[in-house]
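Q: Shown below is the structure under consideration.
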Amino acid sequence: MVSVPWHSRVRHYEAELRSCRAAVASVDFGDYHPLKPITVLDSRSRRGGRKGSTSSSSSSSSSVAPDPLSSLLEGTDPLSLFAAAAEELGRRRREREEEVGLDFEPWAAKRGEILARFTTTEKLSINLFMGSDKSKASSPSSAVSEKVRTRLEELDDLEEGSQREMMNLSQQDYVNRIEDLNQSLKEAWSSDQKVKALKIVIQCSKLLSDTSVIQFYPSKFVLITDILDTFGQLVYDRIWSMCSDPHSLPDTFSAEDVNDTAKETCLNWFFKIASIRELIPRLYVEAAILKCNRFLNNSGIQETVPRLTAMVRGIGDPLVAVYARAYLCRVGMEVTPHLKDSLNKNFFDLLASFRQIHGDAVQNQLVLQRVEVPVYLTLYSPAIHWILQCVAYRASDVLLTEMMERCKKLGNNALLLNSVMWAFRAEFVAARATDFISMIKDCDETGFPKHLLFGSLGRSLACADPPESERLPILNEAWKVITKVRNAQDYITCAEIWVEFTCRHFTKREVNTVLADIIKHMTPDRAFEDAYTEVHSEKFLPFLDMFQKDSVRVEVCKSIMEVFINALTVEDEKRSVSLLINGFIRMVSFGRDFEQQLSFCVEARATFCNLEPVIIQLIHTVNQLAIETRRVMGGSHSRKTAAFVRACAAYCFITIPSISNIFSRLHLYLLSGKVALANQCLSQADAFMKAAVSVLPEVPRTIVVEGKQRSSESFLLEFISSFLSTLLVVPDHPEQGVLYLVRGLLNMVQDYTWEDSSDAKVRVYISALPLLAAMSQESYLYTILNVDSNETLYGGDPKFVAEISRLCETLIGQVLDHLKTLGREEVMHRQGSLAFSLFSCLLAHADLRNNKLNQLAVNLWNLSHKNGQCDTRISVRTLEHIKSQAQHSELSHLSDMLLRLSLQSRA
C-alpha cells in the first residue's frame with residue numbers, strides 16, 4: 001500500500017466566512033446637498049420617440065433654485081403635482097383592490113371538466129377557407145398605404161380562397177386537427193408569417209358559428225378559444241417587445257410610455273381585424289387582443305368592451321351568443337376586472353335574449369338533431385356559470401337581489417336560477433334561502449328538474465347558515481321534493497348534500513328520519529351498489545359529535561379503527577389509511593402535558609403496530625416532543641426534563657428495530673441520535689450511533705423503489721455522508737478508543753460486500769478525509785450547545801492529531817491502490833473521476849506546503865486529465881479558484897503548484 005504523510009491544513013472558519021460575504025460598497029456623500037441644483041432628464045420624450053429615432057433627450061440644469069411662484073404658472077407647483085400623484089395612486093390602489101385574486105376560480109380549472117362532460121359520437125367536420133399561399137412581392141420603397149392595401153388584399157384572398165373541408169371526423173380526430181391548427185399558428189408566427197397566423201385564427205373563429213353537432217359545442221368553444229388565447233398573447237408580446245428600447249415597460253405602464261413604432265404596429269393589427277367581414281370572427285379576434293388597447297390610449301379598453309358587448313346582439317343563435325359573451329367576460333376579467341358595468345350588461349343582455357330558446361329556429365334545430373330540451377339547456381351551463389361567476393365576484397348582495405328580480409320577470413327560469421345560486425357568495429344565498437325556495441317552487445320543471453335546484457341551494461347552505469327560524473321549514477320544503485325523486489342516482493346525489501345540513505342543525509330525531517328515507521330509497525334492487533361514492537361521502541363525523549363524553553368517544557373511535565385496520569389489510573389500503581392516521585397524529589396535542597403526549601404515542605404504537613408508516617411518524621413525533629420539552633421545561637437544569645427526554649430516547653430505541661425498511665431504520669437511528677445529542681443525553685446518543693453502524697452490514701445489494709429493483713449503493717453512500725457529518729460533534733466514549741465510531745464505520749465499509757465494478761468503498765474513504773481534517777482543527781466548524789466535542793476533550797493533543805494523520809494516510813493509501821487497478825482503457829473514466837475527487841479533497845483540506853502532498857496533488861491532477869477524461873469547464877473553474885486562493889498570504893504556496901497544473905485536450 002502506498003504511504004503518503006498527511007498534514008491537515010489549518011482552517012480559520014470565521015475569516016473564510018467573511019471572505020465569502022458580499023463586499024459593502026461605500027457611498028460618497030461629499031458632493032451631495034439637498035439644496036444643490038438638480039439635473040432633470042426628460043425621459044418621456046426619449047421613450048415617446050419612434051424606434052430608432054436619433055433625437056436626443058432634453059436636459060436642463062440651473063445654478064439658481066427655481067421660483068415656486070413661476071413654477072406655479074407653469075403648472076408644476078409641488079402641491080399640484082402632489083395632488084395629481086395622490087389621485088393617480090388612489091386610482092391604481094382601487095384597481096388593485098378590484099383585481100382578481102386567488103378566491104376566483106380560473107377558467108383553466110373549468111376547461112378540463114367541460115371537455116370531459118360535453119362529448120359526442122357524431123361525425124364532425126371542419127371547413128377552412130385558407131386562401132392561396134402565393135406571396136405578393138413588394139419593393140422595399142413601397143409606401144405605407146401600399147403595404148396596407150396589400151394586407152387587405154391578402155385578407156380578401158383569405159375569404160375568397162380555396163375551401164379545405166375535412167369531414168367524417170371522430171371527436172378525437174377533431175381535437176387533433178384543432179391542436180394541429182394551434183401548432184401551425186405558432187409556427188407561422190415564429191417564421192414571421194403574421195398574415196398566415198391571422199388567417200388561421202379567423203378561420204378557427206368561424207367554426208364557432210357552426211352548431212351542426214350541438215352537444216359538442218361547449219367543448220368546441222374550449223378548443224377554439226385556446227387558439228384565440230395563444231394568438232392574443234403572441235400579439236401582445238410582440239408589441240411589448242417593441243417597447244423595450246431602451247428599457248422595458250413597467251407593468252403599470254400608460255399609453256404615453258409607448259413609442260410610436262409600437263403604437264403604429266398595434267393600430268395596424270386593429271385595422272386588419274376591423275376589415276374582417278363576418279361578425280363572429282371579427283368579434284372573437286378583437287376580443288382576443290383586447291389587452292393591446294393599453295398600448296394605444298389609457299381608456300381604450302373601457303371604450304372597447306361595451307362596443308363588443310353590443311356587437312353580440314347581432315348573433316342570432318342564442319347558444320353561440322351566450323358563449324361569445326362568456327369569452328368577453330373571460331378577457332374582461334383578465335384585463336379590467338373592475339369594469340363591472342360591462343360584465344353586468346353581458347348578463348342582462350343574455351336574459352333579454354333567453355326567450356329565443358323557445359323560438360321556432362331553435363326548436364326545429366333540436367328536432368333535426370334529435371336533442372331533448374333538458375339536454376340542450378345543459379349546454380348553456382358552463383357559459384352562464386362563468387358569466388355569473390364574473391358578475392358575482394366580490395359583488396354586493398344588492399346585485400343578487402336585482403338578479404333574483406330579473407329571474408322572476410323571466411318566469412323563474414330554472415337554468416338561470418341554478419347558475420345564480422352557484423355564482424353568488426353562500427352567505428348571500430343562505431340569507432335569502434326562503435325566497436329561493438319560493439322561486440324554485442314556481443319554476444317550470446320541464447327543462448330543469450327541481451331536485452337539481454335544491455341540490456344547488458343545499459351546497460350554499462352547507463357553507464353558510466340560514467336564519468335559525470327558517471331552518472326547519474327549509475328542510476321540510478327541500479325534502480318534499482327530494483323524497484319524490486324516483487331515480488336512485490339522482491336521489492342520492494341530492495340527498496347526500498342535505499344530510500350535512502340536517503346533522504348540523506337538528507337533533508337525532510330529524511337525522512334518523514333522513515337516514516330512514518335514504519335507506520328506503522337505496523335498498524330496493526340494491527340501488528346502493530350504483531351509489532357507493534355518494535353514500536361514502538355522507539358526513540360521518542357529525543354522528544360522532546353526538547358522543548360528547550371524551551372517554552366514550554375515544555372508545556367508539558377505537559372500535560371503528562379495530563374494524564377497519566388489521567393485519568390482513570392490503571398494502572395499498574395500508575398506505576392510504578396510514579396517511580390519514582399520520583395526519584391525525586400530527587394534529588394531536590396535549591399542550592404542555594408532555595407525559596400525556598408520550599403516553600398517547602405509546603398507546604398508538606400498540607394500536608397501529610402493523611402500519612409501518614404510522615410507527616415512523618410516531619418516532620418523528622416523539623423526537624419532536626423531546627426537543628420541545630427541553631425548550632419549554634427548563635433546559636439542562638431540570639432533572640425531570642432530562643428524565644423525560646431519556647424516556648423519549650428509550651421509546652425510539654426500542655421502536656426502531658420493528659421497522660422492516662432498513663434505510664428508514666438507519667435514518668431514524670441517526671435522527672434520534674442527533675436529538676439525544678442536542679439534549680445532552682450522551683450515552684443515549686452513543687447507543688443510537690453504534691446501532692446505526694451495526695445495521696449497515698445488513699443493507700442488501702438491491703432494494704425495491706416504487707415497485708422496481710434498484711441498486712442500494714447510492715442510498716447507502718448518501719446515508720454514510722450524512723452520518724460522517726454528524727460524527728464531528730459526537731465525543732468519543734471514555735471507555736472506547738480514539739475515534740472508535742469513525743473506525744467502526746470504516747471497518748464496516750471495508751468488510752461490506754460491494755458490487756464488483758463499484759468505486760463506492762473508496763468514495764467513502766475520500767468522504768471521510770474532510771471529517772478527519774475538521775477533527776484535527778483547534779476549533780470545530782460547528783458544535784452543540786453544552787456538549788463537549790473532541791476539540792474540548794483532547795484540546796488539540798499531538799497524539800490525537802497524530803492518530804488522525806495515520807488514519808488519513810491509511811485511507812489515501814487505499815484510494816491510490818484502487819486507482820492503480822483502474823488502469824485499463826475501459827475503466828479510465830472511473831480512474832479520472834476518482835483522481836479528481838481526491839485532488840479536490842487535498843486542495844480543500846490538506847496542507848499542501850508539504851512537498852509530498854503537493855506532488856501527490858499534481859500527480860492526481862495529471863491522472864484525472866489523462867486521455868481527456870476530465871470536464872474542461874470544471875478544470876478551468878478549478879484553476880481559477882486556485883489562482884484566487886493563492887492571493888491569500890497563508891496560501892501563497894499554491895502559486896507554485898498552479899504552474900505545474902495544465903489542461904489536456906481530448907485526443
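Following the order of the C-alpha cells, chains are lettered A, B, ..., residues in each are numbered from 1, and ligands are numbered from 1.
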Select from segment 720-826 of chain A everything DSSP, run on the backbone, classes as helix (DSSP H, G or I), then give the selection as a PyMOL selection string.
A: chain A and resi 720-727+740-751+760-775+790-794+798-820+825-826
Q: List as a list in words the protein and nucleic acid residues near Ser658 of chain A, meaning an atom at most 10 Å away when only C-alpha atoms are counted, but skip any in the same chain fewer than 5 places from it.
A: Cys609, Asn610, Glu612, Ile615, Ile616, Phe653 and Arg665 of chain A
Q: Which one is closest to Thr702 of chain A: A:Val614, A:Leu102, A:Phe715, A:Ser191? Count only C-alpha atoms.
A: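 Ranked by minimum distance to Thr702 of chain A, first place goes to A:Phe715.
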Q: Name all residues at most 12 Å from Glu16 of chain A (count only C-alpha atoms; drop same-chain ones fewer than 5 positions away) and give them as number ranges by chain.
A: A: 10-11, 21, 781, 885, 888
Q: Once you have the residues from the selection above, write them out as an mmCIF file, in the first residue's frame, restricted to N, CA and C atoms.
A:
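Writing done, so here's out_19.cif:
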```
data_model
loop_
_atom_site.group_PDB
_atom_site.id
_atom_site.type_symbol
_atom_site.label_atom_id
_atom_site.label_comp_id
_atom_site.auth_asym_id
_atom_site.auth_seq_id
_atom_site.Cartn_x
_atom_site.Cartn_y
_atom_site.Cartn_z
ATOM 1 N N VAL A 10 -4.571 24.097 8.256
ATOM 2 C CA VAL A 10 -5.166 24.848 9.365
ATOM 3 C C VAL A 10 -6.252 25.760 8.795
ATOM 4 N N ARG A 11 -7.419 25.639 9.353
ATOM 5 C CA ARG A 11 -8.559 26.409 8.852
ATOM 6 C C ARG A 11 -8.922 27.522 9.822
ATOM 7 N N ARG A 21 -18.461 36.693 2.007
ATOM 8 C CA ARG A 21 -19.585 37.625 2.027
ATOM 9 C C ARG A 21 -19.421 38.693 0.966
ATOM 10 N N LEU A 781 -15.829 23.448 13.171
ATOM 11 C CA LEU A 781 -16.690 24.258 12.318
ATOM 12 C C LEU A 781 -18.053 24.480 12.969
ATOM 13 N N GLN A 885 -7.327 31.659 -4.536
ATOM 14 C CA GLN A 885 -6.870 31.288 -3.203
ATOM 15 C C GLN A 885 -5.404 31.663 -2.977
ATOM 16 N N HIS A 888 -4.128 34.854 -1.066
ATOM 17 C CA HIS A 888 -4.026 34.964 0.385
ATOM 18 C C HIS A 888 -2.614 34.575 0.819
#
```
Q: Using 12 Å as the limit and counting only C-alpha atoms, can you tabulate each residue of segment 504-529 of chain A that touches segment 465-478 of chain A, with its shortest atom-to-atom distance in Å and the two atoms involved, as CSV?
A:
```
residue,atom,partner,partner_atom,distance
A:Arg504,CA,A:Asp465,CA,9.7
A:His505,CA,A:Arg471,CA,7.7
A:Phe506,CA,A:Leu472,CA,8.4
A:Thr507,CA,A:Leu472,CA,11.3
A:Glu510,CA,A:Leu472,CA,9.7
A:Val511,CA,A:Leu475,CA,11.3
A:Thr513,CA,A:Asn476,CA,11.4
A:Val514,CA,A:Leu475,CA,10.2
```
Q: Write out as an mmCIF file with C-alpha atoms, in the first residue's frame which residues come within 7 Å of Ser419 of chain A when counting only C-alpha atoms, dropping same-chain ones fewer than 5 positions away.
A:
```cif
data_model
loop_
_atom_site.group_PDB
_atom_site.id
_atom_site.type_symbol
_atom_site.label_atom_id
_atom_site.label_comp_id
_atom_site.auth_asym_id
_atom_site.auth_seq_id
_atom_site.Cartn_x
_atom_site.Cartn_y
_atom_site.Cartn_z
ATOM 1 C CA ILE A 384 -73.822 31.015 -17.810
ATOM 2 C CA HIS A 385 -71.913 29.734 -14.772
ATOM 3 C CA LEU A 388 -72.307 34.804 -13.388
#
```
Q: May I ask for the distance between atom CA of Leu618 of chain A and atom CA of Val729 of chain A, given in Å to one decimal place?
A: 26.4 Å
Q: Point out the residue among A:Gln389, A:Ser725, A:Gln369, A:Ser456 with the least atom-to-atom distance to Pro337 of chain A, counting only C-alpha atoms.
A: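 Closest candidate: A:Gln389.
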Q: When you count only C-alpha atoms, which of these residues is closest to Tyr651 of chain A: A:Glu278, A:Glu603, A:Glu698, A:Glu713?
A: A:Glu603
Q: In terms of the shortest atom-to-atom distance over only C-alpha atoms, which of A:Tyr323, A:Val602, A:Ile276, A:Arg307 is closest to Ile224 of chain A?
A: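 With only C-alpha atoms as the atom set, the closest residue is A:Tyr323.
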Q: Which residue gives the smallest distance to His12 of chain A among A:Leu611, A:Ile784, A:Ala774, A:Met404, with only C-alpha atoms counted?
A: A:Ala774
Q: Extract, using only C-alpha atoms, all DNA, RNA and protein residues at most 12 Å from Glu755 of chain A, discarding same-chain residues fewer than 5 positions from it, and format them as an NGL selection string.
A: :A and (700-702 or 711-714 or 760-761)
Q: Go ahead and write the residues just picked, N, CA, C and O atoms, as a tab-separated table (two decimals), in the first residue's frame.
A:
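Produced file result_35.tsv, reproduced below:
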```tsv
chain	number	residue	atom	x	y	z
A	700	PRO	N	-29.00	-4.65	1.92
A	700	PRO	CA	-28.90	-5.56	0.76
A	700	PRO	C	-28.32	-4.83	-0.45
A	700	PRO	O	-28.30	-3.61	-0.53
A	701	ARG	N	-27.87	-5.60	-1.42
A	701	ARG	CA	-27.28	-5.01	-2.64
A	701	ARG	C	-28.34	-4.29	-3.47
A	701	ARG	O	-28.02	-3.31	-4.15
A	702	THR	N	-29.57	-4.78	-3.43
A	702	THR	CA	-30.66	-4.14	-4.18
A	702	THR	C	-31.86	-3.95	-3.26
A	702	THR	O	-32.05	-4.70	-2.31
A	711	SER	N	-30.32	-0.66	-7.35
A	711	SER	CA	-29.12	-0.81	-6.53
A	711	SER	C	-29.24	0.09	-5.29
A	711	SER	O	-29.69	1.23	-5.38
A	712	SER	N	-28.83	-0.44	-4.15
A	712	SER	CA	-28.92	0.33	-2.90
A	712	SER	C	-27.70	1.21	-2.68
A	712	SER	O	-27.64	1.95	-1.69
A	713	GLU	N	-26.74	1.16	-3.60
A	713	GLU	CA	-25.45	1.81	-3.37
A	713	GLU	C	-25.58	3.31	-3.17
A	713	GLU	O	-25.00	3.88	-2.25
A	714	SER	N	-26.35	4.00	-4.03
A	714	SER	CA	-26.47	5.45	-3.92
A	714	SER	C	-27.14	5.85	-2.61
A	714	SER	O	-26.77	6.86	-1.98
A	760	ALA	N	-17.57	2.62	-4.80
A	760	ALA	CA	-18.23	3.22	-3.65
A	760	ALA	C	-17.35	3.20	-2.41
A	760	ALA	O	-17.33	4.16	-1.63
A	761	LYS	N	-16.61	2.10	-2.20
A	761	LYS	CA	-15.80	1.99	-0.98
A	761	LYS	C	-14.77	3.11	-0.90
A	761	LYS	O	-14.64	3.78	0.12
```
Q: By how many Å are atom CA of His733 of chain A and atom CA of Val693 of chain A apart?
A: 15.1 Å
